[in-house]
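Here's run19.pdb, which has PDB, C-alpha atoms, pLDDT in the B column:
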```pdb
MODEL        1
ATOM      1  CA  MET C   1       0.000   0.000   0.000  1.00 55.00           C
ATOM      2  CA  LYS C   2       1.361   3.374  -0.978  1.00 63.00           C
ATOM      3  CA  THR C   3       1.966   5.960   1.725  1.00 70.00           C
ATOM      4  CA  PRO C   4       1.151   9.684   1.324  1.00 69.00           C
ATOM      5  CA  ASN C   5       4.881  10.310   0.994  1.00 77.00           C
ATOM      6  CA  SER C   6       5.237   7.821  -1.880  1.00 80.00           C
ATOM      7  CA  PHE C   7       2.383   9.535  -3.715  1.00 79.00           C
ATOM      8  CA  MET C   8       4.135  12.876  -3.174  1.00 87.00           C
ATOM      9  CA  MET C   9       7.422  11.429  -4.460  1.00 89.00           C
ATOM     10  CA  GLU C  10       5.649  10.384  -7.644  1.00 93.00           C
ATOM     11  CA  GLU C  11       4.119  13.846  -7.880  1.00 94.00           C
ATOM     12  CA  MET C  12       7.605  15.331  -7.518  1.00 95.00           C
ATOM     13  CA  LYS C  13       8.963  13.201 -10.379  1.00 95.00           C
ATOM     14  CA  GLU C  14       6.131  14.343 -12.619  1.00 96.00           C
ATOM     15  CA  MET C  15       6.613  17.959 -11.526  1.00 96.00           C
ATOM     16  CA  LEU C  16      10.354  17.911 -12.298  1.00 97.00           C
ATOM     17  CA  SER C  17       9.643  16.374 -15.693  1.00 97.00           C
ATOM     18  CA  THR C  18       7.128  19.142 -16.451  1.00 98.00           C
ATOM     19  CA  ILE C  19       9.606  21.768 -15.241  1.00 98.00           C
ATOM     20  CA  GLU C  20      12.286  20.463 -17.609  1.00 97.00           C
ATOM     21  CA  THR C  21       9.858  20.543 -20.544  1.00 97.00           C
ATOM     22  CA  LEU C  22       8.895  24.137 -19.729  1.00 96.00           C
ATOM     23  CA  LYS C  23      12.532  25.143 -19.308  1.00 95.00           C
ATOM     24  CA  GLU C  24      13.432  23.701 -22.711  1.00 94.00           C
ATOM     25  CA  LYS C  25      10.573  25.671 -24.237  1.00 92.00           C
ATOM     26  CA  LEU C  26      11.773  28.833 -22.501  1.00 90.00           C
ATOM     27  CA  GLN C  27      15.233  28.432 -24.052  1.00 87.00           C
ATOM     28  CA  GLN C  28      13.644  29.089 -27.454  1.00 85.00           C
ATOM     29  CA  TYR C  29      12.338  32.459 -26.228  1.00 78.00           C
ATOM     30  CA  ARG C  30      15.459  33.713 -24.437  1.00 72.00           C
ATOM     31  CA  HIS C  31      16.084  36.335 -27.131  1.00 67.00           C
ATOM     32  CA  LEU C  32      12.627  37.846 -26.440  1.00 67.00           C
ATOM     33  CA  GLN C  33      13.136  38.379 -22.710  1.00 66.00           C
ATOM     34  CA  GLY C  34      13.536  42.131 -22.448  1.00 68.00           C
ATOM     35  CA  GLU C  35      14.845  44.096 -19.510  1.00 77.00           C
ATOM     36  CA  LYS C  36      11.339  45.334 -18.654  1.00 79.00           C
ATOM     37  CA  VAL C  37      10.074  41.783 -18.163  1.00 81.00           C
ATOM     38  CA  VAL C  38      13.016  40.908 -15.930  1.00 88.00           C
ATOM     39  CA  LYS C  39      12.627  44.110 -13.877  1.00 91.00           C
ATOM     40  CA  ALA C  40       8.903  43.499 -13.399  1.00 92.00           C
ATOM     41  CA  PHE C  41       9.519  40.025 -12.001  1.00 95.00           C
ATOM     42  CA  GLU C  42      12.355  41.284  -9.787  1.00 97.00           C
ATOM     43  CA  LEU C  43      10.139  44.027  -8.380  1.00 97.00           C
ATOM     44  CA  GLU C  44       7.353  41.552  -7.632  1.00 98.00           C
ATOM     45  CA  TYR C  45       9.847  39.212  -5.974  1.00 98.00           C
ATOM     46  CA  THR C  46      11.142  42.010  -3.716  1.00 98.00           C
ATOM     47  CA  TYR C  47       7.576  42.945  -2.797  1.00 98.00           C
ATOM     48  CA  GLU C  48       6.474  39.367  -2.022  1.00 98.00           C
ATOM     49  CA  SER C  49       9.625  38.344  -0.135  1.00 98.00           C
ATOM     50  CA  ASN C  50       9.362  41.403   2.120  1.00 98.00           C
ATOM     51  CA  ARG C  51       5.617  40.858   2.466  1.00 98.00           C
ATOM     52  CA  ILE C  52       6.247  37.376   3.880  1.00 98.00           C
ATOM     53  CA  GLU C  53       8.247  39.061   6.652  1.00 96.00           C
ATOM     54  CA  GLY C  54       5.492  41.579   7.446  1.00 96.00           C
ATOM     55  CA  ASN C  55       6.462  44.563   5.300  1.00 98.00           C
ATOM     56  CA  THR C  56       3.268  46.532   4.530  1.00 98.00           C
ATOM     57  CA  LEU C  57       4.400  48.364   1.371  1.00 98.00           C
ATOM     58  CA  THR C  58       2.123  47.540  -1.562  1.00 98.00           C
ATOM     59  CA  LEU C  59       3.544  46.477  -4.916  1.00 98.00           C
ATOM     60  CA  GLN C  60       2.968  49.969  -6.304  1.00 98.00           C
ATOM     61  CA  GLU C  61       4.548  51.597  -3.232  1.00 98.00           C
ATOM     62  CA  THR C  62       7.533  49.245  -3.509  1.00 98.00           C
ATOM     63  CA  ALA C  63       7.962  50.376  -7.132  1.00 98.00           C
ATOM     64  CA  LEU C  64       7.841  54.052  -6.132  1.00 98.00           C
ATOM     65  CA  VAL C  65      10.445  53.495  -3.405  1.00 98.00           C
ATOM     66  CA  VAL C  66      12.957  51.481  -5.442  1.00 97.00           C
ATOM     67  CA  GLU C  67      12.451  53.037  -8.879  1.00 96.00           C
ATOM     68  CA  LYS C  68      11.621  56.661  -8.049  1.00 96.00           C
ATOM     69  CA  GLY C  69      13.261  57.058  -4.653  1.00 96.00           C
ATOM     70  CA  LEU C  70      10.018  58.342  -3.146  1.00 97.00           C
ATOM     71  CA  THR C  71       9.009  58.247   0.499  1.00 97.00           C
ATOM     72  CA  ILE C  72       5.615  56.727   1.297  1.00 98.00           C
ATOM     73  CA  GLY C  73       3.643  58.501   4.017  1.00 97.00           C
ATOM     74  CA  GLY C  74       2.679  56.354   6.981  1.00 97.00           C
ATOM     75  CA  LYS C  75       5.326  53.718   6.247  1.00 98.00           C
ATOM     76  CA  SER C  76       8.372  53.225   8.456  1.00 98.00           C
ATOM     77  CA  LEU C  77      11.966  53.938   7.452  1.00 98.00           C
ATOM     78  CA  LYS C  78      12.704  50.240   8.020  1.00 98.00           C
ATOM     79  CA  GLU C  79      10.082  49.223   5.454  1.00 98.00           C
ATOM     80  CA  HIS C  80      11.597  51.608   2.904  1.00 98.00           C
ATOM     81  CA  LEU C  81      15.082  50.254   3.584  1.00 98.00           C
ATOM     82  CA  GLU C  82      13.874  46.656   3.301  1.00 98.00           C
ATOM     83  CA  ALA C  83      12.606  47.364  -0.219  1.00 98.00           C
ATOM     84  CA  ILE C  84      15.774  49.207  -1.259  1.00 98.00           C
ATOM     85  CA  ASN C  85      18.115  46.663   0.340  1.00 98.00           C
ATOM     86  CA  HIS C  86      16.377  43.671  -1.193  1.00 98.00           C
ATOM     87  CA  THR C  87      16.634  45.302  -4.608  1.00 98.00           C
ATOM     88  CA  HIS C  88      20.382  45.818  -4.106  1.00 98.00           C
ATOM     89  CA  ALA C  89      20.826  42.243  -2.856  1.00 98.00           C
ATOM     90  CA  LEU C  90      18.961  40.881  -5.866  1.00 98.00           C
ATOM     91  CA  ALA C  91      21.119  42.969  -8.210  1.00 98.00           C
ATOM     92  CA  TYR C  92      24.187  41.510  -6.475  1.00 98.00           C
ATOM     93  CA  VAL C  93      22.826  37.979  -6.991  1.00 98.00           C
ATOM     94  CA  SER C  94      22.126  38.708 -10.662  1.00 97.00           C
ATOM     95  CA  GLY C  95      25.693  39.951 -11.058  1.00 98.00           C
ATOM     96  CA  LEU C  96      27.054  36.759  -9.513  1.00 98.00           C
ATOM     97  CA  VAL C  97      25.052  34.718 -12.002  1.00 97.00           C
ATOM     98  CA  ALA C  98      26.227  36.812 -14.953  1.00 96.00           C
ATOM     99  CA  ASP C  99      29.857  36.471 -13.841  1.00 97.00           C
ATOM    100  CA  LYS C 100      29.442  32.737 -13.092  1.00 97.00           C
ATOM    101  CA  THR C 101      30.754  33.343  -9.557  1.00 97.00           C
ATOM    102  CA  PRO C 102      30.571  30.158  -7.439  1.00 97.00           C
ATOM    103  CA  LEU C 103      28.667  30.141  -4.165  1.00 98.00           C
ATOM    104  CA  THR C 104      30.857  30.536  -1.071  1.00 98.00           C
ATOM    105  CA  GLU C 105      30.371  31.528   2.547  1.00 98.00           C
ATOM    106  CA  THR C 106      31.608  35.037   1.728  1.00 98.00           C
ATOM    107  CA  ILE C 107      28.918  35.368  -0.965  1.00 98.00           C
ATOM    108  CA  LEU C 108      26.225  34.338   1.509  1.00 98.00           C
ATOM    109  CA  LEU C 109      27.451  36.823   4.114  1.00 98.00           C
ATOM    110  CA  ASN C 110      27.549  39.573   1.468  1.00 98.00           C
ATOM    111  CA  ILE C 111      23.911  38.874   0.548  1.00 98.00           C
ATOM    112  CA  HIS C 112      22.886  39.125   4.191  1.00 98.00           C
ATOM    113  CA  LYS C 113      24.927  42.289   4.670  1.00 98.00           C
ATOM    114  CA  LEU C 114      23.026  43.957   1.824  1.00 98.00           C
ATOM    115  CA  ILE C 115      19.688  42.839   3.303  1.00 98.00           C
ATOM    116  CA  LEU C 116      20.390  44.506   6.672  1.00 98.00           C
ATOM    117  CA  GLN C 117      22.391  47.518   5.472  1.00 98.00           C
ATOM    118  CA  SER C 118      21.463  50.642   7.482  1.00 98.00           C
ATOM    119  CA  ILE C 119      18.829  48.582   9.338  1.00 98.00           C
ATOM    120  CA  ASP C 120      21.223  46.704  11.633  1.00 97.00           C
ATOM    121  CA  ASN C 121      24.797  47.434  10.575  1.00 98.00           C
ATOM    122  CA  GLU C 122      26.195  45.803  13.714  1.00 97.00           C
ATOM    123  CA  ASN C 123      24.851  42.381  12.717  1.00 97.00           C
ATOM    124  CA  ALA C 124      24.749  42.720   8.922  1.00 98.00           C
ATOM    125  CA  GLY C 125      26.767  39.962   7.286  1.00 98.00           C
ATOM    126  CA  LYS C 126      27.600  38.321  10.635  1.00 98.00           C
ATOM    127  CA  TYR C 127      26.416  35.135  12.296  1.00 98.00           C
ATOM    128  CA  ARG C 128      24.333  35.632  15.410  1.00 97.00           C
ATOM    129  CA  LYS C 129      25.913  35.656  18.870  1.00 96.00           C
ATOM    130  CA  LYS C 130      22.747  34.972  20.845  1.00 94.00           C
ATOM    131  CA  GLN C 131      19.973  32.427  20.954  1.00 93.00           C
ATOM    132  CA  VAL C 132      16.820  33.291  19.018  1.00 87.00           C
ATOM    133  CA  LEU C 133      13.262  31.988  19.054  1.00 78.00           C
ATOM    134  CA  ILE C 134      10.980  32.092  16.032  1.00 77.00           C
ATOM    135  CA  SER C 135       7.596  33.552  16.930  1.00 73.00           C
ATOM    136  CA  GLY C 136       4.802  31.004  16.543  1.00 73.00           C
ATOM    137  CA  ALA C 137       7.130  28.179  15.481  1.00 76.00           C
ATOM    138  CA  LYS C 138       7.898  24.862  17.187  1.00 83.00           C
ATOM    139  CA  HIS C 139      11.398  24.692  15.737  1.00 84.00           C
ATOM    140  CA  ILE C 140      14.124  26.037  18.022  1.00 89.00           C
ATOM    141  CA  PRO C 141      17.271  27.125  16.119  1.00 92.00           C
ATOM    142  CA  PRO C 142      20.644  25.872  17.364  1.00 93.00           C
ATOM    143  CA  GLN C 143      22.599  27.653  20.069  1.00 96.00           C
ATOM    144  CA  PRO C 144      24.834  30.436  18.694  1.00 96.00           C
ATOM    145  CA  PHE C 145      28.093  28.581  19.423  1.00 97.00           C
ATOM    146  CA  LEU C 146      26.878  25.805  17.076  1.00 97.00           C
ATOM    147  CA  VAL C 147      26.102  28.148  14.179  1.00 98.00           C
ATOM    148  CA  PRO C 148      29.640  28.343  12.679  1.00 97.00           C
ATOM    149  CA  ILE C 149      29.954  24.551  12.924  1.00 97.00           C
ATOM    150  CA  GLN C 150      26.578  23.959  11.280  1.00 98.00           C
ATOM    151  CA  MET C 151      27.335  26.510   8.565  1.00 98.00           C
ATOM    152  CA  GLU C 152      30.603  24.727   7.809  1.00 98.00           C
ATOM    153  CA  SER C 153      28.596  21.505   7.436  1.00 98.00           C
ATOM    154  CA  PHE C 154      26.088  23.417   5.281  1.00 98.00           C
ATOM    155  CA  PHE C 155      28.748  24.349   2.729  1.00 98.00           C
ATOM    156  CA  ILE C 156      30.344  20.890   2.835  1.00 98.00           C
ATOM    157  CA  TRP C 157      26.911  19.429   2.030  1.00 98.00           C
ATOM    158  CA  TYR C 158      26.506  21.912  -0.817  1.00 98.00           C
ATOM    159  CA  GLU C 159      29.878  21.044  -2.371  1.00 98.00           C
ATOM    160  CA  GLU C 160      29.089  17.321  -2.137  1.00 98.00           C
ATOM    161  CA  ASN C 161      25.612  17.624  -3.657  1.00 98.00           C
ATOM    162  CA  LYS C 162      25.691  20.550  -6.097  1.00 97.00           C
ATOM    163  CA  GLU C 163      26.363  18.266  -9.080  1.00 96.00           C
ATOM    164  CA  LYS C 164      24.201  15.359  -7.879  1.00 97.00           C
ATOM    165  CA  LEU C 165      20.790  16.873  -7.139  1.00 97.00           C
ATOM    166  CA  HIS C 166      18.318  18.315  -9.605  1.00 97.00           C
ATOM    167  CA  PRO C 167      18.801  22.128  -9.443  1.00 98.00           C
ATOM    168  CA  VAL C 168      15.259  22.703  -8.138  1.00 98.00           C
ATOM    169  CA  LEU C 169      15.790  20.190  -5.319  1.00 98.00           C
ATOM    170  CA  LEU C 170      19.238  21.654  -4.587  1.00 98.00           C
ATOM    171  CA  ALA C 171      17.775  25.168  -4.370  1.00 98.00           C
ATOM    172  CA  ALA C 172      14.943  24.000  -2.104  1.00 98.00           C
ATOM    173  CA  GLU C 173      17.325  22.054   0.164  1.00 98.00           C
ATOM    174  CA  LEU C 174      19.653  25.034   0.585  1.00 98.00           C
ATOM    175  CA  HIS C 175      16.662  27.246   1.380  1.00 98.00           C
ATOM    176  CA  GLU C 176      15.345  24.858   4.033  1.00 98.00           C
ATOM    177  CA  ARG C 177      18.739  24.034   5.534  1.00 98.00           C
ATOM    178  CA  LEU C 178      19.753  27.689   5.888  1.00 98.00           C
ATOM    179  CA  VAL C 179      16.507  28.892   7.404  1.00 96.00           C
ATOM    180  CA  THR C 180      16.580  25.909   9.810  1.00 96.00           C
ATOM    181  CA  ILE C 181      20.056  26.832  11.053  1.00 97.00           C
ATOM    182  CA  HIS C 182      18.765  30.431  11.280  1.00 97.00           C
ATOM    183  CA  PRO C 183      22.350  31.744  11.386  1.00 98.00           C
ATOM    184  CA  PHE C 184      21.475  35.446  11.608  1.00 98.00           C
ATOM    185  CA  ASN C 185      19.668  37.634  14.114  1.00 96.00           C
ATOM    186  CA  ASP C 186      17.341  38.867  11.382  1.00 96.00           C
ATOM    187  CA  GLY C 187      16.930  38.505   7.631  1.00 97.00           C
ATOM    188  CA  ASN C 188      17.140  34.695   7.542  1.00 97.00           C
ATOM    189  CA  GLY C 189      14.051  34.229   5.380  1.00 97.00           C
ATOM    190  CA  ARG C 190      14.982  36.827   2.782  1.00 98.00           C
ATOM    191  CA  THR C 191      18.559  35.548   2.630  1.00 98.00           C
ATOM    192  CA  SER C 192      17.390  31.935   2.258  1.00 98.00           C
ATOM    193  CA  ARG C 193      15.025  32.834  -0.563  1.00 98.00           C
ATOM    194  CA  LEU C 194      17.756  34.833  -2.328  1.00 98.00           C
ATOM    195  CA  LEU C 195      20.132  31.887  -1.966  1.00 98.00           C
ATOM    196  CA  MET C 196      17.469  29.610  -3.449  1.00 98.00           C
ATOM    197  CA  ASN C 197      17.024  31.950  -6.393  1.00 98.00           C
ATOM    198  CA  LEU C 198      20.774  32.317  -6.876  1.00 98.00           C
ATOM    199  CA  VAL C 199      20.942  28.564  -7.497  1.00 98.00           C
ATOM    200  CA  LEU C 200      17.876  28.613  -9.757  1.00 98.00           C
ATOM    201  CA  LEU C 201      19.210  31.528 -11.822  1.00 97.00           C
ATOM    202  CA  GLN C 202      22.606  29.821 -12.115  1.00 97.00           C
ATOM    203  CA  HIS C 203      20.842  26.880 -13.766  1.00 97.00           C
ATOM    204  CA  GLY C 204      18.767  28.934 -16.182  1.00 94.00           C
ATOM    205  CA  TYR C 205      15.464  29.092 -14.312  1.00 96.00           C
ATOM    206  CA  PRO C 206      13.497  32.309 -13.765  1.00 95.00           C
ATOM    207  CA  ILE C 207      13.048  33.829 -10.306  1.00 97.00           C
ATOM    208  CA  ALA C 208      10.710  31.728  -8.161  1.00 97.00           C
ATOM    209  CA  ILE C 209       8.353  34.033  -6.255  1.00 98.00           C
ATOM    210  CA  LEU C 210       6.838  32.685  -3.044  1.00 98.00           C
ATOM    211  CA  LYS C 211       3.704  34.688  -2.280  1.00 98.00           C
ATOM    212  CA  GLY C 212       3.305  36.725   0.899  1.00 97.00           C
ATOM    213  CA  ASP C 213      -0.495  36.786   1.257  1.00 97.00           C
ATOM    214  CA  THR C 214      -1.961  35.141   4.382  1.00 96.00           C
ATOM    215  CA  ASP C 215      -2.834  31.728   2.921  1.00 97.00           C
ATOM    216  CA  ASN C 216       0.401  31.280   0.977  1.00 97.00           C
ATOM    217  CA  ARG C 217       2.529  32.526   3.882  1.00 96.00           C
ATOM    218  CA  LEU C 218       0.866  30.043   6.260  1.00 96.00           C
ATOM    219  CA  ASN C 219       1.410  27.208   3.794  1.00 97.00           C
ATOM    220  CA  TYR C 220       5.057  28.222   3.362  1.00 97.00           C
ATOM    221  CA  TYR C 221       5.678  28.285   7.118  1.00 95.00           C
ATOM    222  CA  SER C 222       3.743  25.072   7.816  1.00 95.00           C
ATOM    223  CA  THR C 223       5.662  23.061   5.196  1.00 96.00           C
ATOM    224  CA  LEU C 224       8.920  24.507   6.517  1.00 95.00           C
ATOM    225  CA  GLU C 225       8.002  23.558  10.083  1.00 94.00           C
ATOM    226  CA  LYS C 226       7.147  20.019   9.004  1.00 94.00           C
ATOM    227  CA  ALA C 227      10.609  19.740   7.475  1.00 95.00           C
ATOM    228  CA  GLN C 228      12.258  21.210  10.570  1.00 93.00           C
ATOM    229  CA  THR C 229      10.410  19.292  13.291  1.00 92.00           C
ATOM    230  CA  GLU C 230       9.574  15.979  11.567  1.00 92.00           C
ATOM    231  CA  GLY C 231      12.407  15.724   9.063  1.00 90.00           C
ATOM    232  CA  ASN C 232       9.819  15.347   6.304  1.00 92.00           C
ATOM    233  CA  LYS C 233      10.863  17.715   3.514  1.00 95.00           C
ATOM    234  CA  ILE C 234       8.732  16.462   0.624  1.00 96.00           C
ATOM    235  CA  GLN C 235       5.879  18.983   1.073  1.00 96.00           C
ATOM    236  CA  PHE C 236       8.322  21.883   1.190  1.00 97.00           C
ATOM    237  CA  MET C 237      10.165  20.529  -1.848  1.00 97.00           C
ATOM    238  CA  LEU C 238       6.864  20.243  -3.722  1.00 97.00           C
ATOM    239  CA  LEU C 239       5.972  23.824  -2.792  1.00 98.00           C
ATOM    240  CA  ILE C 240       9.254  25.100  -4.235  1.00 98.00           C
ATOM    241  CA  ALA C 241       8.918  22.918  -7.343  1.00 98.00           C
ATOM    242  CA  TYR C 242       5.378  24.174  -7.911  1.00 98.00           C
ATOM    243  CA  THR C 243       6.611  27.763  -7.508  1.00 98.00           C
ATOM    244  CA  VAL C 244       9.338  27.178 -10.110  1.00 98.00           C
ATOM    245  CA  LYS C 245       6.806  25.601 -12.487  1.00 98.00           C
ATOM    246  CA  GLU C 246       4.482  28.577 -12.017  1.00 97.00           C
ATOM    247  CA  ALA C 247       7.355  31.000 -12.713  1.00 96.00           C
ATOM    248  CA  LEU C 248       8.218  29.206 -15.970  1.00 96.00           C
ATOM    249  CA  GLU C 249       4.577  29.223 -17.071  1.00 96.00           C
ATOM    250  CA  ARG C 250       4.230  32.922 -16.296  1.00 94.00           C
ATOM    251  CA  VAL C 251       7.347  33.898 -18.231  1.00 92.00           C
ATOM    252  CA  LEU C 252       6.185  31.846 -21.218  1.00 92.00           C
ATOM    253  CA  ARG C 253       2.768  33.527 -21.099  1.00 91.00           C
ATOM    254  CA  VAL C 254       4.364  36.967 -21.004  1.00 88.00           C
ATOM    255  CA  LEU C 255       6.494  36.052 -23.999  1.00 84.00           C
ATOM    256  CA  GLY C 256       3.382  35.024 -25.878  1.00 78.00           C
ATOM    257  CA  ASP C 257       3.725  31.248 -25.891  1.00 61.00           C
TER     258      ASP C 257
ENDMDL
END
```

Take the structure from the file and write it as structure tokens.
Amino acid sequence: MKTPNSFMMEEMKEMLSTIETLKEKLQQYRHLQGEKVVKAFELEYTYESNRIEGNTLTLQETALVVEKGLTIGGKSLKEHLEAINHTHALAYVSGLVADKTPLTETILLNIHKLILQSIDNENAGKYRKKQVLISGAKHIPPQPFLVPIQMESFFIWYEENKEKLHPVLLAAELHERLVTIHPFNDGNGRTSRLLMNLVLLQHGYPIAILKGDTDNRLNYYSTLEKAQTEGNKIQFMLLIAYTVKEALERVLRVLGD
């Protein structure tokens, strides 16, 4: 008798097959992908990633802040900086992809530094020195003295698996593993999602945008918690795979397929 997990594993195989078909189709349209299309997806990604963390800027307000340099009345300085910083961090990631720069610990710390620039300069780009608790979550991150050790293991795992795993599974695993270690005082979610997208972009996939509305945010956190507390990662992996599939379909629709 098949278990729910075995059904989900079959679903994952089918999903990855569909993703590869869509990616091959996208390759034929690469020459049509203009800068405006890329910028629109990047803006939406910045908006949604910050929204997951509680930022209240709308998509239009995010555009005004990052593209026009405007200040939105009634919104905090921190919310403005989160939009600006995420845009800079994403530009940094895009540059790494263009230059074919390999992922290292320094790269990860640079991404985090950009995320927290002028918000928390003391801790930007540095592993946490104190224990943290995640509000509303059962998972308790490791003690701070274990963080450097676990991050060393994180990069060893990456080097051992970067050529073995399907890129979508590799990206999802890095996302889950980093946010589970929770190596920073703040900005773990945004950094983990940027790391995920760095890997996806390196392998020719479009940006995968996890939604920040209430239902999608709850689903994102619940599948993450299942992975963290039960060691069952398949639902989280499926969520990321579905998000990648949706991104490919959206880009193809925009390009007129």

Quick one: contact table of region 107-189 of chain C to region 77-97 of chain C, 7 Å max, nearest atom pair and distance in Å to one decimal per residue, counting all atoms listed in the file, chain and number order, as JSON lines?
```
{"residue": "C:Ile111", "atom": "CA", "partner": "C:Ala89", "partner_atom": "CA", "distance": 5.7}
{"residue": "C:Leu114", "atom": "CA", "partner": "C:Ala89", "partner_atom": "CA", "distance": 5.4}
{"residue": "C:Ile115", "atom": "CA", "partner": "C:Asn85", "partner_atom": "CA", "distance": 5.1}
{"residue": "C:Gln117", "atom": "CA", "partner": "C:Asn85", "partner_atom": "CA", "distance": 6.7}
{"residue": "C:Ile119", "atom": "CA", "partner": "C:Lys78", "partner_atom": "CA", "distance": 6.5}
```

- Find, counting all atoms listed in the file, the residue in C:Leu43, C:Leu26, C:Leu174, C:Leu169 that gets nearest to Ile156 (chain C).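 Residue with the minimum atom-to-atom distance to Ile156 (chain C): C:Leu174.
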
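The smallest atom-to-atom distance between Leu103 (chain C) and any of C:Tyr29, C:Pro183, C:Leu116, C:Val199, using only C-alpha atoms, is found for C:Val199.
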
Matched chain/residue IDs from the PyMOL selection byres ((chain C and resi 236) around 10), as a compact mmCIF listing (two decimals) with C-alpha atoms, keeping the file's coordinate frame:
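Output file out.txt is given in full below:
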```txt
# COMPACT_ATOMS: atom_id res chain seq x y z
CA ALA C 172 14.94 24.00 -2.10
CA GLU C 173 17.32 22.05 0.16
CA HIS C 175 16.66 27.25 1.38
CA GLU C 176 15.34 24.86 4.03
CA ASN C 219 1.41 27.21 3.79
CA TYR C 220 5.06 28.22 3.36
CA TYR C 221 5.68 28.28 7.12
CA SER C 222 3.74 25.07 7.82
CA THR C 223 5.66 23.06 5.20
CA LEU C 224 8.92 24.51 6.52
CA GLU C 225 8.00 23.56 10.08
CA LYS C 226 7.15 20.02 9.00
CA ALA C 227 10.61 19.74 7.48
CA ASN C 232 9.82 15.35 6.30
CA LYS C 233 10.86 17.72 3.51
CA ILE C 234 8.73 16.46 0.62
CA GLN C 235 5.88 18.98 1.07
CA MET C 237 10.16 20.53 -1.85
CA LEU C 238 6.86 20.24 -3.72
CA LEU C 239 5.97 23.82 -2.79
CA ILE C 240 9.25 25.10 -4.24
CA ALA C 241 8.92 22.92 -7.34
CA TYR C 242 5.38 24.17 -7.91
```

Which centre and edge lengths in Å to one decimal define the box along x, y and z that fits every listed atom of region 162-174 of chain C plus 8 Å per side, as lines of an AutoDock Vina configuration file?
```
center_x = 20.7
center_y = 20.3
center_z = -4.5
size_x = 27.4
size_y = 25.8
size_z = 26.2
```

- Can you list, as a VMD selection string, the residues that the PyMOL selection byres ((chain C and resi 195) around 8) selects here? chain C and resid 108 171 174 to 175 191 to 194 196 to 199

- Item | For Phe154 (chain C): contacts at 10 Å, all atoms listed in the file, fewer than 4 positions along chain excluded, given as a list in words | Glu105, Pro148, Ile149, Gln150, Tyr158, Glu159, Leu174, Arg177, Leu178 and Ile181 of chain C

Using all atoms listed in the file, collect all residues at a distance of at most 12 Å from (25.3, 30.1, 15.4) as written in the file, then present them as a short mmCIF file (atom, residue, chain, number, x, y, z; two decimals) with C-alpha atoms, in the coordinates of the input.
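selection.cif, freshly written:
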```cif
data_model
loop_
_atom_site.label_atom_id
_atom_site.label_comp_id
_atom_site.auth_asym_id
_atom_site.auth_seq_id
_atom_site.Cartn_x
_atom_site.Cartn_y
_atom_site.Cartn_z
CA LYS C 126 27.60 38.32 10.64
CA TYR C 127 26.42 35.14 12.30
CA ARG C 128 24.33 35.63 15.41
CA LYS C 129 25.91 35.66 18.87
CA LYS C 130 22.75 34.97 20.84
CA GLN C 131 19.97 32.43 20.95
CA VAL C 132 16.82 33.29 19.02
CA PRO C 141 17.27 27.12 16.12
CA PRO C 142 20.64 25.87 17.36
CA GLN C 143 22.60 27.65 20.07
CA PRO C 144 24.83 30.44 18.69
CA PHE C 145 28.09 28.58 19.42
CA LEU C 146 26.88 25.80 17.08
CA VAL C 147 26.10 28.15 14.18
CA PRO C 148 29.64 28.34 12.68
CA ILE C 149 29.95 24.55 12.92
CA GLN C 150 26.58 23.96 11.28
CA MET C 151 27.34 26.51 8.56
CA GLU C 152 30.60 24.73 7.81
CA LEU C 178 19.75 27.69 5.89
CA VAL C 179 16.51 28.89 7.40
CA THR C 180 16.58 25.91 9.81
CA ILE C 181 20.06 26.83 11.05
CA HIS C 182 18.76 30.43 11.28
CA PRO C 183 22.35 31.74 11.39
CA PHE C 184 21.48 35.45 11.61
CA ASN C 185 19.67 37.63 14.11
#
```

- Got a sec to resolve the PyMOL selection byres ((chain C and resi 208) around 6) on this structure and send the residues as JSON, numbers by chain? {"C": [207, 209, 243, 244, 247]}

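The smallest atom-to-atom distance between His139 (chain C) and any of C:Asp186, C:Glu246, C:Glu61, C:Glu230, using all atoms listed in the file, is found for C:Glu230.
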
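Coordinates place CA of Ala63 (chain C) at a distance of 16.5 Å from CA of Gly212 (chain C).
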
- Message: What's the separation between CA of Arg217 (chain C) and CA of Glu53 (chain C), in Å to one decimal place?
- Response: 9.1 Å

- Between C:Gly231, C:Pro206, C:Gly54, C:Pro102, which is the closest to Val251 (chain C) once you count all atoms listed in the file?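 Smallest separation from Val251 (chain C) among the options: C:Pro206.
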
- Using CA of Ile107 (chain C) and CA of Gly125 (chain C) as the two end points, give the distance in Å to one decimal.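 CA of Gly125 (chain C) lies 9.7 Å from CA of Ile107 (chain C).
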